[in-house]
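What follows is the content of coords31.cif, which has mmCIF, C-alpha atoms:
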data_coords
#
loop_
_atom_site.group_PDB
_atom_site.id
_atom_site.type_symbol
_atom_site.label_atom_id
_atom_site.label_comp_id
_atom_site.auth_asym_id
_atom_site.auth_seq_id
_atom_site.Cartn_x
_atom_site.Cartn_y
_atom_site.Cartn_z
ATOM 1 C CA MET R 209 -12.872 -9.611 11.515
ATOM 2 C CA LYS R 210 -16.657 -9.130 11.489
ATOM 3 C CA ASN R 211 -17.445 -5.444 10.952
ATOM 4 C CA ILE R 212 -14.756 -3.490 9.133
ATOM 5 C CA LEU R 213 -14.158 0.216 8.483
ATOM 6 C CA ILE R 214 -11.872 1.200 5.619
ATOM 7 C CA ILE R 215 -10.669 4.799 5.864
ATOM 8 C CA GLY R 216 -9.496 6.004 2.467
ATOM 9 C CA SER R 217 -11.750 3.541 0.644
ATOM 10 C CA THR R 218 -11.612 5.365 -2.696
ATOM 11 C CA GLY R 219 -7.817 5.449 -2.947
ATOM 12 C CA GLN R 220 -5.434 3.155 -4.817
ATOM 13 C CA ILE R 221 -5.557 0.355 -2.243
ATOM 14 C CA GLY R 222 -8.900 1.127 -0.648
ATOM 15 C CA THR R 223 -10.939 0.787 -3.830
ATOM 16 C CA GLU R 224 -9.866 -2.813 -4.319
ATOM 17 C CA LEU R 225 -9.640 -3.786 -0.649
ATOM 18 C CA THR R 226 -13.224 -2.680 0.014
ATOM 19 C CA MET R 227 -14.607 -4.877 -2.763
ATOM 20 C CA HIS R 228 -12.291 -7.758 -1.831
ATOM 21 C CA LEU R 229 -13.515 -7.743 1.766
ATOM 22 C CA ARG R 230 -17.166 -7.368 0.777
ATOM 23 C CA ASN R 231 -16.789 -10.444 -1.401
ATOM 24 C CA HIS R 232 -15.280 -12.499 1.435
ATOM 25 C CA TYR R 233 -16.985 -11.310 4.660
ATOM 26 C CA GLN R 234 -20.610 -11.407 5.770
ATOM 27 C CA GLY R 235 -20.474 -8.433 8.166
ATOM 28 C CA ASN R 236 -20.489 -4.737 7.387
ATOM 29 C CA VAL R 237 -17.566 -3.453 5.324
ATOM 30 C CA VAL R 238 -17.945 0.319 5.586
ATOM 31 C CA ALA R 239 -16.377 2.517 2.914
ATOM 32 C CA GLY R 240 -15.070 5.591 4.717
ATOM 33 C CA TYR R 241 -14.462 8.539 2.411
ATOM 34 C CA ILE R 242 -14.060 12.302 2.221
ATOM 35 C CA PRO R 243 -16.624 14.313 0.205
ATOM 36 C CA ALA R 244 -14.034 15.286 -2.403
ATOM 37 C CA ALA R 245 -13.479 11.581 -3.180
ATOM 38 C CA ALA R 246 -16.904 10.026 -2.776
ATOM 39 C CA PRO R 247 -17.415 6.392 -3.862
ATOM 40 C CA LYS R 248 -19.255 5.684 -7.112
ATOM 41 C CA GLY R 249 -20.782 2.749 -8.941
ATOM 42 C CA GLU R 250 -20.266 -0.693 -7.430
ATOM 43 C CA LEU R 251 -18.193 0.650 -4.537
ATOM 44 C CA LEU R 252 -21.105 2.832 -3.442
ATOM 45 C CA GLU R 253 -23.896 0.384 -4.237
ATOM 46 C CA SER R 254 -22.436 -2.826 -2.769
ATOM 47 C CA GLY R 255 -22.310 -1.806 0.893
ATOM 48 C CA PRO R 256 -22.476 0.957 3.498
ATOM 49 C CA ALA R 257 -20.515 4.173 3.044
ATOM 50 C CA GLU R 258 -19.902 7.026 5.468
ATOM 51 C CA VAL R 259 -18.054 10.331 5.431
ATOM 52 C CA VAL R 260 -14.987 9.620 7.568
ATOM 53 C CA ASP R 261 -12.252 12.244 7.426
ATOM 54 C CA ILE R 262 -9.228 10.823 9.222
ATOM 55 C CA THR R 263 -8.470 14.248 10.671
ATOM 56 C CA ASN R 264 -11.891 14.212 12.390
ATOM 57 C CA ALA R 265 -11.723 11.862 15.367
ATOM 58 C CA GLN R 266 -15.425 12.248 16.129
ATOM 59 C CA GLN R 267 -16.424 11.033 12.658
ATOM 60 C CA ILE R 268 -14.245 7.957 13.138
ATOM 61 C CA ALA R 269 -15.693 7.247 16.590
ATOM 62 C CA ASP R 270 -19.298 7.765 15.458
ATOM 63 C CA THR R 271 -18.879 5.359 12.529
ATOM 64 C CA VAL R 272 -17.183 2.732 14.677
ATOM 65 C CA GLU R 273 -20.060 2.902 17.167
ATOM 66 C CA LYS R 274 -22.815 2.956 14.507
ATOM 67 C CA TYR R 275 -21.605 -0.214 12.769
ATOM 68 C CA ASP R 276 -20.041 -1.986 15.786
ATOM 69 C CA ILE R 277 -16.668 -1.929 14.025
ATOM 70 C CA ASP R 278 -14.006 -4.332 15.302
ATOM 71 C CA THR R 279 -11.299 -3.747 12.651
ATOM 72 C CA ILE R 280 -10.080 -0.509 11.035
ATOM 73 C CA PHE R 281 -7.988 -0.421 7.869
ATOM 74 C CA ASN R 282 -6.371 3.018 7.876
ATOM 75 C CA LEU R 283 -5.369 3.750 4.268
ATOM 76 C CA ALA R 284 -5.503 7.557 4.286
ATOM 77 C CA ALA R 285 -2.187 9.113 3.215
ATOM 78 C CA LEU R 286 -0.473 11.270 0.620
ATOM 79 C CA LEU R 287 1.809 9.274 -1.676
ATOM 80 C CA SER R 288 5.539 9.944 -1.780
ATOM 81 C CA ALA R 289 5.960 12.592 -4.488
ATOM 82 C CA VAL R 290 2.767 14.417 -3.469
ATOM 83 C CA ALA R 291 3.880 14.379 0.168
ATOM 84 C CA GLU R 292 7.141 16.101 -0.757
ATOM 85 C CA ALA R 293 5.161 18.881 -2.404
ATOM 86 C CA LYS R 294 2.833 19.182 0.621
ATOM 87 C CA PRO R 295 4.848 18.076 3.675
ATOM 88 C CA GLN R 296 2.673 19.817 6.285
ATOM 89 C CA LEU R 297 -0.470 18.154 4.937
ATOM 90 C CA ALA R 298 1.349 14.810 4.710
ATOM 91 C CA TRP R 299 2.186 15.012 8.423
ATOM 92 C CA HIS R 300 -1.339 16.152 9.344
ATOM 93 C CA ILE R 301 -2.952 13.204 7.543
ATOM 94 C CA GLY R 302 -0.240 10.587 8.083
ATOM 95 C CA LEU R 303 0.481 11.101 11.788
ATOM 96 C CA GLY R 304 -2.342 13.251 13.089
ATOM 97 C CA GLY R 305 -4.830 10.984 11.371
ATOM 98 C CA LEU R 306 -3.186 7.803 12.641
ATOM 99 C CA PHE R 307 -3.242 9.183 16.191
ATOM 100 C CA ASN R 308 -7.000 9.740 15.852
ATOM 101 C CA VAL R 309 -7.520 6.168 14.615
ATOM 102 C CA LEU R 310 -5.433 4.666 17.401
ATOM 103 C CA GLU R 311 -7.235 6.671 20.074
ATOM 104 C CA VAL R 312 -10.618 5.502 18.793
ATOM 105 C CA ALA R 313 -9.294 1.931 18.606
ATOM 106 C CA ARG R 314 -8.051 2.170 22.199
ATOM 107 C CA GLU R 315 -11.435 3.399 23.420
ATOM 108 C CA LYS R 316 -13.582 1.044 21.325
ATOM 109 C CA GLY R 317 -11.419 -2.105 21.296
ATOM 110 C CA CYS R 318 -10.680 -2.212 17.555
ATOM 111 C CA ALA R 319 -7.796 -3.853 15.717
ATOM 112 C CA VAL R 320 -5.924 -1.518 13.336
ATOM 113 C CA PHE R 321 -4.059 -2.088 10.079
ATOM 114 C CA THR R 322 -1.941 0.810 8.780
ATOM 115 C CA PRO R 323 0.358 0.280 5.799
ATOM 116 C CA SER R 324 3.984 1.300 5.988
ATOM 117 C CA SER R 325 6.289 1.372 2.961
ATOM 118 C CA ILE R 326 9.742 0.846 1.526
ATOM 119 C CA GLY R 327 9.802 4.631 1.900
ATOM 120 C CA ALA R 328 10.438 4.058 5.629
ATOM 121 C CA PHE R 329 14.041 3.265 4.696
ATOM 122 C CA GLY R 330 16.734 5.718 3.608
ATOM 123 C CA PRO R 331 20.124 5.947 1.909
ATOM 124 C CA GLY R 332 21.894 4.484 4.961
ATOM 125 C CA THR R 333 19.822 1.286 4.813
ATOM 126 C CA PRO R 334 21.363 -1.835 3.199
ATOM 127 C CA LYS R 335 20.101 -1.712 -0.412
ATOM 128 C CA ASP R 336 19.857 -5.405 -1.279
ATOM 129 C CA LYS R 337 17.731 -7.853 0.700
ATOM 130 C CA THR R 338 17.064 -5.119 3.244
ATOM 131 C CA PRO R 339 16.669 -6.815 6.662
ATOM 132 C CA GLN R 340 13.499 -6.666 8.733
ATOM 133 C CA ASP R 341 15.300 -4.811 11.519
ATOM 134 C CA THR R 342 17.788 -2.264 10.211
ATOM 135 C CA VAL R 343 18.608 1.439 9.917
ATOM 136 C CA GLN R 344 15.558 3.589 9.087
ATOM 137 C CA ARG R 345 16.595 7.171 8.327
ATOM 138 C CA PRO R 346 14.383 8.352 5.432
ATOM 139 C CA GLN R 347 14.941 11.748 3.834
ATOM 140 C CA THR R 348 11.359 12.409 2.750
ATOM 141 C CA MET R 349 8.306 13.520 4.708
ATOM 142 C CA TYR R 350 6.507 10.444 3.391
ATOM 143 C CA GLY R 351 9.217 8.230 4.887
ATOM 144 C CA VAL R 352 9.305 10.146 8.153
ATOM 145 C CA THR R 353 5.561 9.661 8.631
ATOM 146 C CA LYS R 354 5.892 5.943 7.880
ATOM 147 C CA VAL R 355 8.675 5.396 10.433
ATOM 148 C CA ALA R 356 6.827 7.442 13.051
ATOM 149 C CA GLY R 357 3.641 5.506 12.248
ATOM 150 C CA GLU R 358 5.404 2.177 12.822
ATOM 151 C CA LEU R 359 6.640 3.385 16.198
ATOM 152 C CA LEU R 360 3.255 4.788 17.164
ATOM 153 C CA GLY R 361 1.573 1.488 16.270
ATOM 154 C CA ASP R 362 4.032 -0.435 18.424
ATOM 155 C CA TYR R 363 3.543 2.032 21.279
ATOM 156 C CA TYR R 364 -0.244 1.645 21.269
ATOM 157 C CA HIS R 365 0.098 -2.135 21.232
ATOM 158 C CA LYS R 366 2.592 -2.283 24.090
ATOM 159 C CA ARG R 367 1.127 0.554 26.179
ATOM 160 C CA PHE R 368 -2.619 0.055 25.640
ATOM 161 C CA GLY R 369 -2.972 -3.427 24.128
ATOM 162 C CA VAL R 370 -4.355 -2.210 20.789
ATOM 163 C CA ASP R 371 -4.041 -4.972 18.166
ATOM 164 C CA THR R 372 -1.966 -3.020 15.635
ATOM 165 C CA ARG R 373 -0.506 -4.699 12.534
ATOM 166 C CA SER R 374 1.285 -3.423 9.455
ATOM 167 C CA VAL R 375 3.320 -4.302 6.381
ATOM 168 C CA ARG R 376 5.946 -2.303 4.499
ATOM 169 C CA PHE R 377 4.484 -2.257 1.026
ATOM 170 C CA PRO R 378 6.735 -2.097 -2.000
ATOM 171 C CA GLY R 379 5.432 -0.291 -5.091
ATOM 172 C CA LEU R 380 1.918 -1.528 -5.845
ATOM 173 C CA ILE R 381 0.756 -2.246 -9.384
ATOM 174 C CA SER R 382 -2.985 -2.284 -10.084
ATOM 175 C CA ASN R 383 -5.187 -2.834 -13.125
ATOM 176 C CA VAL R 384 -8.039 -0.998 -11.385
ATOM 177 C CA ALA R 385 -6.697 2.189 -9.786
ATOM 178 C CA LEU R 386 -4.924 4.863 -11.821
ATOM 179 C CA PRO R 387 -1.469 6.129 -10.756
ATOM 180 C CA GLY R 388 -1.769 8.545 -7.848
ATOM 181 C CA GLY R 389 1.527 10.389 -7.393
ATOM 182 C CA GLY R 390 3.836 7.708 -6.027
ATOM 183 C CA THR R 391 7.469 7.216 -6.999
ATOM 184 C CA THR R 392 6.799 3.642 -8.103
ATOM 185 C CA ASP R 393 3.745 4.609 -10.173
ATOM 186 C CA TYR R 394 5.742 4.460 -13.395
ATOM 187 C CA ALA R 395 5.327 0.684 -13.149
ATOM 188 C CA VAL R 396 1.543 1.156 -13.299
ATOM 189 C CA ASP R 397 1.483 3.902 -15.912
ATOM 190 C CA ILE R 398 3.672 1.917 -18.319
ATOM 191 C CA TYR R 399 0.935 -0.705 -18.787
ATOM 192 C CA TYR R 400 -1.759 1.894 -19.462
ATOM 193 C CA LYS R 401 0.467 3.654 -22.003
ATOM 194 C CA ALA R 402 1.366 0.350 -23.642
ATOM 195 C CA ILE R 403 -2.308 -0.343 -24.314
ATOM 196 C CA GLN R 404 -3.367 3.219 -25.130
ATOM 197 C CA ASP R 405 -0.333 4.611 -26.997
ATOM 198 C CA GLY R 406 2.040 1.739 -27.739
ATOM 199 C CA SER R 407 4.871 3.768 -26.196
ATOM 200 C CA PHE R 408 6.002 5.094 -22.823
ATOM 201 C CA VAL R 409 8.222 7.909 -21.551
ATOM 202 C CA CYS R 410 9.861 6.601 -18.382
ATOM 203 C CA PRO R 411 10.516 9.069 -15.509
ATOM 204 C CA ILE R 412 12.948 6.708 -13.719
ATOM 205 C CA LYS R 413 16.491 5.986 -14.930
ATOM 206 C CA ALA R 414 17.419 2.600 -16.373
ATOM 207 C CA GLY R 415 19.099 0.438 -13.743
ATOM 208 C CA THR R 416 17.030 1.811 -10.837
ATOM 209 C CA PHE R 417 15.760 -1.250 -8.993
ATOM 210 C CA MET R 418 12.743 -1.063 -6.691
ATOM 211 C CA ASP R 419 10.633 -3.710 -4.983
ATOM 212 C CA MET R 420 7.173 -4.080 -6.534
ATOM 213 C CA MET R 421 4.023 -6.124 -5.926
ATOM 214 C CA TYR R 422 0.849 -6.870 -7.864
ATOM 215 C CA MET R 423 -2.290 -5.666 -6.076
ATOM 216 C CA PRO R 424 -3.901 -9.130 -5.682
ATOM 217 C CA ASP R 425 -0.893 -10.177 -3.590
ATOM 218 C CA ALA R 426 -1.119 -6.960 -1.557
ATOM 219 C CA LEU R 427 -4.790 -7.579 -0.775
ATOM 220 C CA HIS R 428 -3.989 -11.139 0.244
ATOM 221 C CA ALA R 429 -1.180 -9.920 2.518
ATOM 222 C CA MET R 430 -3.404 -7.452 4.383
ATOM 223 C CA VAL R 431 -6.152 -9.979 5.044
ATOM 224 C CA GLN R 432 -3.737 -12.801 5.873
ATOM 225 C CA LEU R 433 -1.875 -10.656 8.407
ATOM 226 C CA MET R 434 -5.068 -9.440 10.103
ATOM 227 C CA GLU R 435 -6.285 -13.046 10.389
ATOM 228 C CA ALA R 436 -2.934 -14.367 11.665
ATOM 229 C CA ASP R 437 -2.545 -15.924 15.113
ATOM 230 C CA PRO R 438 -1.375 -13.008 17.304
ATOM 231 C CA THR R 439 0.769 -15.309 19.446
ATOM 232 C CA ARG R 440 3.073 -15.886 16.421
ATOM 233 C CA LEU R 441 3.653 -12.189 15.723
ATOM 234 C CA LYS R 442 6.910 -10.749 16.984
ATOM 235 C CA HIS R 443 7.211 -7.608 14.844
ATOM 236 C CA ARG R 444 3.688 -6.306 14.119
ATOM 237 C CA ASN R 445 4.727 -2.806 12.966
ATOM 238 C CA SER R 446 5.944 -3.358 10.384
ATOM 239 C CA PHE R 447 6.681 -6.486 8.327
ATOM 240 C CA ASN R 448 8.800 -6.464 5.183
ATOM 241 C CA ILE R 449 6.906 -8.227 2.385
ATOM 242 C CA ALA R 450 8.301 -8.820 -1.094
ATOM 243 C CA SER R 451 7.256 -10.223 -4.435
ATOM 244 C CA MET R 452 9.539 -8.965 -7.241
ATOM 245 C CA SER R 453 12.313 -6.453 -7.795
ATOM 246 C CA PHE R 454 12.999 -4.919 -11.202
ATOM 247 C CA GLU R 455 14.305 -1.846 -13.026
ATOM 248 C CA PRO R 456 12.655 -0.079 -16.005
ATOM 249 C CA GLU R 457 14.383 -2.113 -18.726
ATOM 250 C CA MET R 458 13.099 -5.342 -17.181
ATOM 251 C CA ILE R 459 9.446 -4.300 -17.138
ATOM 252 C CA TYR R 460 9.883 -2.931 -20.659
ATOM 253 C CA ALA R 461 11.228 -6.308 -21.807
ATOM 254 C CA ALA R 462 8.354 -8.151 -20.102
ATOM 255 C CA ILE R 463 5.777 -6.016 -21.924
ATOM 256 C CA LYS R 464 7.653 -6.300 -25.215
ATOM 257 C CA LYS R 465 7.341 -10.096 -25.036
ATOM 258 C CA GLU R 466 3.576 -9.643 -25.250
ATOM 259 C CA MET R 467 3.573 -6.511 -27.446
ATOM 260 C CA PRO R 468 6.593 -6.607 -29.807
ATOM 261 C CA ASP R 469 5.952 -3.110 -31.206
ATOM 262 C CA PHE R 470 5.983 -1.421 -27.791
ATOM 263 C CA THR R 471 8.662 1.301 -27.377
ATOM 264 C CA MET R 472 10.083 3.185 -24.385
ATOM 265 C CA THR R 473 12.207 6.338 -24.015
ATOM 266 C CA TYR R 474 13.410 8.237 -20.927
ATOM 267 C CA GLU R 475 12.660 11.672 -19.501
ATOM 268 C CA VAL R 476 13.819 11.484 -15.888
ATOM 269 C CA ASP R 477 11.814 13.208 -13.149
ATOM 270 C CA GLU R 478 14.576 14.332 -10.793
ATOM 271 C CA LEU R 479 12.405 14.390 -7.651
ATOM 272 C CA ARG R 480 11.095 10.867 -8.200
ATOM 273 C CA GLN R 481 14.551 9.650 -9.157
ATOM 274 C CA GLN R 482 16.059 11.075 -5.980
ATOM 275 C CA ILE R 483 13.372 9.404 -3.886
ATOM 276 C CA ALA R 484 13.803 6.083 -5.712
ATOM 277 C CA GLU R 485 17.554 6.064 -5.162
ATOM 278 C CA SER R 486 17.053 6.448 -1.395
ATOM 279 C CA TRP R 487 14.934 3.284 -1.229
ATOM 280 C CA PRO R 488 15.993 -0.383 -1.125
ATOM 281 C CA ASN R 489 16.510 -2.447 -4.249
ATOM 282 C CA SER R 490 14.883 -5.483 -2.610
ATOM 283 C CA LEU R 491 13.521 -6.580 0.771
ATOM 284 C CA ASP R 492 14.171 -9.628 2.949
ATOM 285 C CA ASP R 493 10.677 -10.815 3.946
ATOM 286 C CA SER R 494 11.714 -13.928 5.871
ATOM 287 C CA CYS R 495 10.081 -12.705 9.103
ATOM 288 C CA ALA R 496 6.672 -12.382 7.427
ATOM 289 C CA ARG R 497 7.106 -15.855 5.940
ATOM 290 C CA GLU R 498 8.004 -17.323 9.325
ATOM 291 C CA GLU R 499 5.499 -15.468 11.535
ATOM 292 C CA TRP R 500 2.343 -15.568 9.376
ATOM 293 C CA ASP R 501 3.182 -17.736 6.345
ATOM 294 C CA TRP R 502 3.384 -14.915 3.810
ATOM 295 C CA SER R 503 4.016 -15.979 0.192
ATOM 296 C CA PRO R 504 3.289 -14.053 -3.043
ATOM 297 C CA THR R 505 1.624 -15.526 -6.128
ATOM 298 C CA TYR R 506 2.770 -13.256 -8.965
ATOM 299 C CA ASP R 507 6.152 -12.584 -10.566
ATOM 300 C CA LEU R 508 6.942 -9.996 -13.264
ATOM 301 C CA ASP R 509 5.952 -12.134 -16.244
ATOM 302 C CA SER R 510 2.684 -13.477 -14.791
ATOM 303 C CA MET R 511 1.728 -9.990 -13.574
ATOM 304 C CA THR R 512 2.477 -8.495 -16.998
ATOM 305 C CA ARG R 513 0.281 -11.005 -18.789
ATOM 306 C CA ASP R 514 -2.579 -10.389 -16.374
ATOM 307 C CA MET R 515 -2.220 -6.588 -16.456
ATOM 308 C CA LEU R 516 -2.241 -6.434 -20.249
ATOM 309 C CA GLU R 517 -5.180 -8.813 -20.506
ATOM 310 C CA LYS R 518 -7.287 -6.910 -17.967
ATOM 311 C CA LEU R 519 -6.430 -3.448 -19.296
ATOM 312 C CA SER R 520 -6.937 -4.472 -22.923
ATOM 313 C CA ALA R 521 -10.446 -5.654 -22.115
ATOM 314 C CA ARG R 522 -11.277 -2.415 -20.317
ATOM 315 C CA LEU R 523 -9.480 0.269 -22.346
ATOM 316 C CA LYS R 524 -9.913 -0.906 -25.922
#
Take the structure in this file and express it as C-alpha cells.
Amino acid sequence: MKNILIIGSTGQIGTELTMHLRNHYQGNVVAGYIPAAAPKGELLESGPAEVVDITNAQQIADTVEKYDIDTIFNLAALLSAVAEAKPQLAWHIGLGGLFNVLEVAREKGCAVFTPSSIGAFGPGTPKDKTPQDTVQRPQTMYGVTKVAGELLGDYYHKRFGVDTRSVRFPGLISNVALPGGGTTDYAVDIYYKAIQDGSFVCPIKAGTFMDMMYMPDALHAMVQLMEADPTRLKHRNSFNIASMSFEPEMIYAAIKKEMPDFTMTYEVDELRQQIAESWPNSLDDSCAREEWDWSPTYDLDSMTRDMLEKLSARLK
C-alpha cells in the first residue's frame, strides 16, 4: 500500500484507521467524507481530505486518479439497527456503493478492503465457534448487504482479478468513536456511562453472548490482511476473526473490578435483542490464523483497563 483512500473516514472505524495509516505510511492517506460528516481537528489537518460520496462513482474515480490511489478501504455503511430502520438506504449505500468502488478498482487497478460482519450469519448458523464456511441466511437488511458484499467481492476477484479482501468483524469497542447505532454498541456505551454516570441501563438481556473486539486489534487486522501474501489467501471475502466473546454480566463484572461502585440494570431494546439473538455467540477464526497469521492482543480484562484509563483521562 502506497496511496490509500478511506471512504467513510469519519465513521467509527474510519476515524481511527485514517490516523493509524497516516502514522505508519509515507504516501497519501486520503480521508474521503460526505459533507454532512466532514473531518475536523487532527483528522482534517494531518493529511488530504476529499468529498467522496460512495454513491457517486465519478467522485471515487476522480479521487483515485488525483492521488494515484492503489488501495481503497470502503467503510461506508449503515450499522445494524439503523439499517433496519432504513433498509432501502442501507442497500443503496451497502451494495450500490460497493459496486461503484469495485468498478473503479477494476478500471484503475486498486486493491479493495470492505468489512463484513457477524451480521452476515443468521439463526440457522451454528452459534458456537461458527465455522469459516457455513450457512449464511441473515434476517436483517444489514446482514443481507454483508453476505451480498462478500459474494460481490469474490466475483470481482475471480472475474476481473481485483484484489479484494475482507474480514467479518465482531462488535467493535472503541475509546475514540462514540456508539453509532449498532447492536453491539452497548459494549461501548457501558464504558462511557461507567465514567460519566457510575451506572448503566443495558439494552441487551443477560446471557446474550456476542463476539467482540477492541479497536486496536481491528486496525491491526485490516492492515495485516491487506499486507498479507496473496498466494496464501484462500478465502479473501470474508475471514472470520475473533478476540473475545462475552455477555452483559461479564463486561459488568470486568468494569466492577476496576470501579467497585458501578451498577447496571436492564431495559431491553427488543429490536437490538432480536438482532443479537440471530448472531453467533463466538467465531472460529482458524482460517485467518493459518492464512495470514492473525492473532489478537486484547482480552476482556486488558481491554477494560485500557478503556477506563483512556476515557477517564478524556472525559473527567
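Residue nearest R:Val272 within the list R:Ser324, R:Asn211, R:Gln481, R:Thr223: R:Asn211 [criterion: smallest interatomic distance, all atoms listed in the file].
Each of R:Glu273, R:Asp341, R:Glu499, R:Glu253 was checked against R:Asp437 using all atoms listed in the file; the smallest atom-to-atom distance is that of R:Glu499.
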What is the atom CA of R:Thr372-atom CA of R:Val320 distance in Å, reported with one decimal?
4.8 Å
Spell out the residues picked by the PyMOL selection byres ((chain R and resi 398) around 12) here, as a ChimeraX atom specification.
/R:381-383,386-387,392-397,399-412,456-464,470-474,512,515-516,519
Set the distance at 7 Å and use all atoms listed in the file: which residues neighbour R:Ser374 once local chain neighbours fewer than 4 positions away are removed? I'd like the list as a list in words.
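In the requested form, the answer reads Phe321, Thr322, Pro323, Ser324, Arg444, Asn445, Ser446 and Phe447 of chain R.
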Starting from the PyMOL selection byres ((chain R and resi 234) around 12), expand the selection into actual residues of this file and give them as number ranges by chain.
R: 209-212, 228-233, 235-237, 255
Place all heavy atoms on stretch 315-322 of chain R and deliver the coordinates as a short mmCIF file (atom, residue, chain, number, x, y, z; two decimals), keeping the file's coordinate frame.
data_model
loop_
_atom_site.label_atom_id
_atom_site.label_comp_id
_atom_site.auth_asym_id
_atom_site.auth_seq_id
_atom_site.Cartn_x
_atom_site.Cartn_y
_atom_site.Cartn_z
N GLU R 315 -10.19 3.22 22.67
CA GLU R 315 -11.44 3.40 23.42
C GLU R 315 -12.49 2.35 23.07
O GLU R 315 -13.27 1.94 23.93
CB GLU R 315 -11.99 4.80 23.14
CG GLU R 315 -11.12 5.92 23.68
CD GLU R 315 -11.59 7.29 23.23
OE1 GLU R 315 -12.55 7.35 22.43
OE2 GLU R 315 -10.99 8.29 23.66
N LYS R 316 -12.51 1.91 21.81
CA LYS R 316 -13.58 1.04 21.32
C LYS R 316 -13.16 -0.42 21.16
O LYS R 316 -13.99 -1.27 20.82
CB LYS R 316 -14.10 1.55 19.97
CG LYS R 316 -14.54 3.00 19.96
CD LYS R 316 -15.78 3.22 20.79
CE LYS R 316 -16.29 4.66 20.65
NZ LYS R 316 -17.51 4.90 21.45
N GLY R 317 -11.88 -0.73 21.38
CA GLY R 317 -11.42 -2.10 21.30
C GLY R 317 -11.27 -2.64 19.88
O GLY R 317 -11.52 -3.82 19.63
N CYS R 318 -10.84 -1.81 18.95
CA CYS R 318 -10.68 -2.21 17.56
C CYS R 318 -9.25 -2.65 17.26
O CYS R 318 -8.29 -2.14 17.87
CB CYS R 318 -11.01 -1.05 16.61
SG CYS R 318 -12.67 -0.39 16.79
N ALA R 319 -9.10 -3.56 16.31
CA ALA R 319 -7.80 -3.85 15.72
C ALA R 319 -7.55 -2.83 14.61
O ALA R 319 -8.50 -2.31 14.01
CB ALA R 319 -7.77 -5.27 15.15
N VAL R 320 -6.27 -2.55 14.32
CA VAL R 320 -5.92 -1.52 13.34
C VAL R 320 -4.84 -2.02 12.40
O VAL R 320 -3.79 -2.51 12.85
CB VAL R 320 -5.43 -0.22 14.02
CG1 VAL R 320 -4.99 0.81 12.98
CG2 VAL R 320 -6.50 0.37 14.91
N PHE R 321 -5.10 -1.88 11.10
CA PHE R 321 -4.06 -2.09 10.08
C PHE R 321 -3.73 -0.74 9.47
O PHE R 321 -4.61 -0.01 9.01
CB PHE R 321 -4.53 -3.03 8.98
CG PHE R 321 -3.52 -3.20 7.87
CD1 PHE R 321 -2.56 -4.19 7.92
CD2 PHE R 321 -3.51 -2.33 6.77
CE1 PHE R 321 -1.61 -4.32 6.92
CE2 PHE R 321 -2.57 -2.45 5.76
CZ PHE R 321 -1.63 -3.45 5.83
N THR R 322 -2.41 -0.41 9.43
CA THR R 322 -1.94 0.81 8.78
C THR R 322 -0.73 0.45 7.93
O THR R 322 0.27 -0.04 8.46
CB THR R 322 -1.53 1.88 9.80
OG1 THR R 322 -2.64 2.22 10.62
CG2 THR R 322 -1.02 3.13 9.11
#
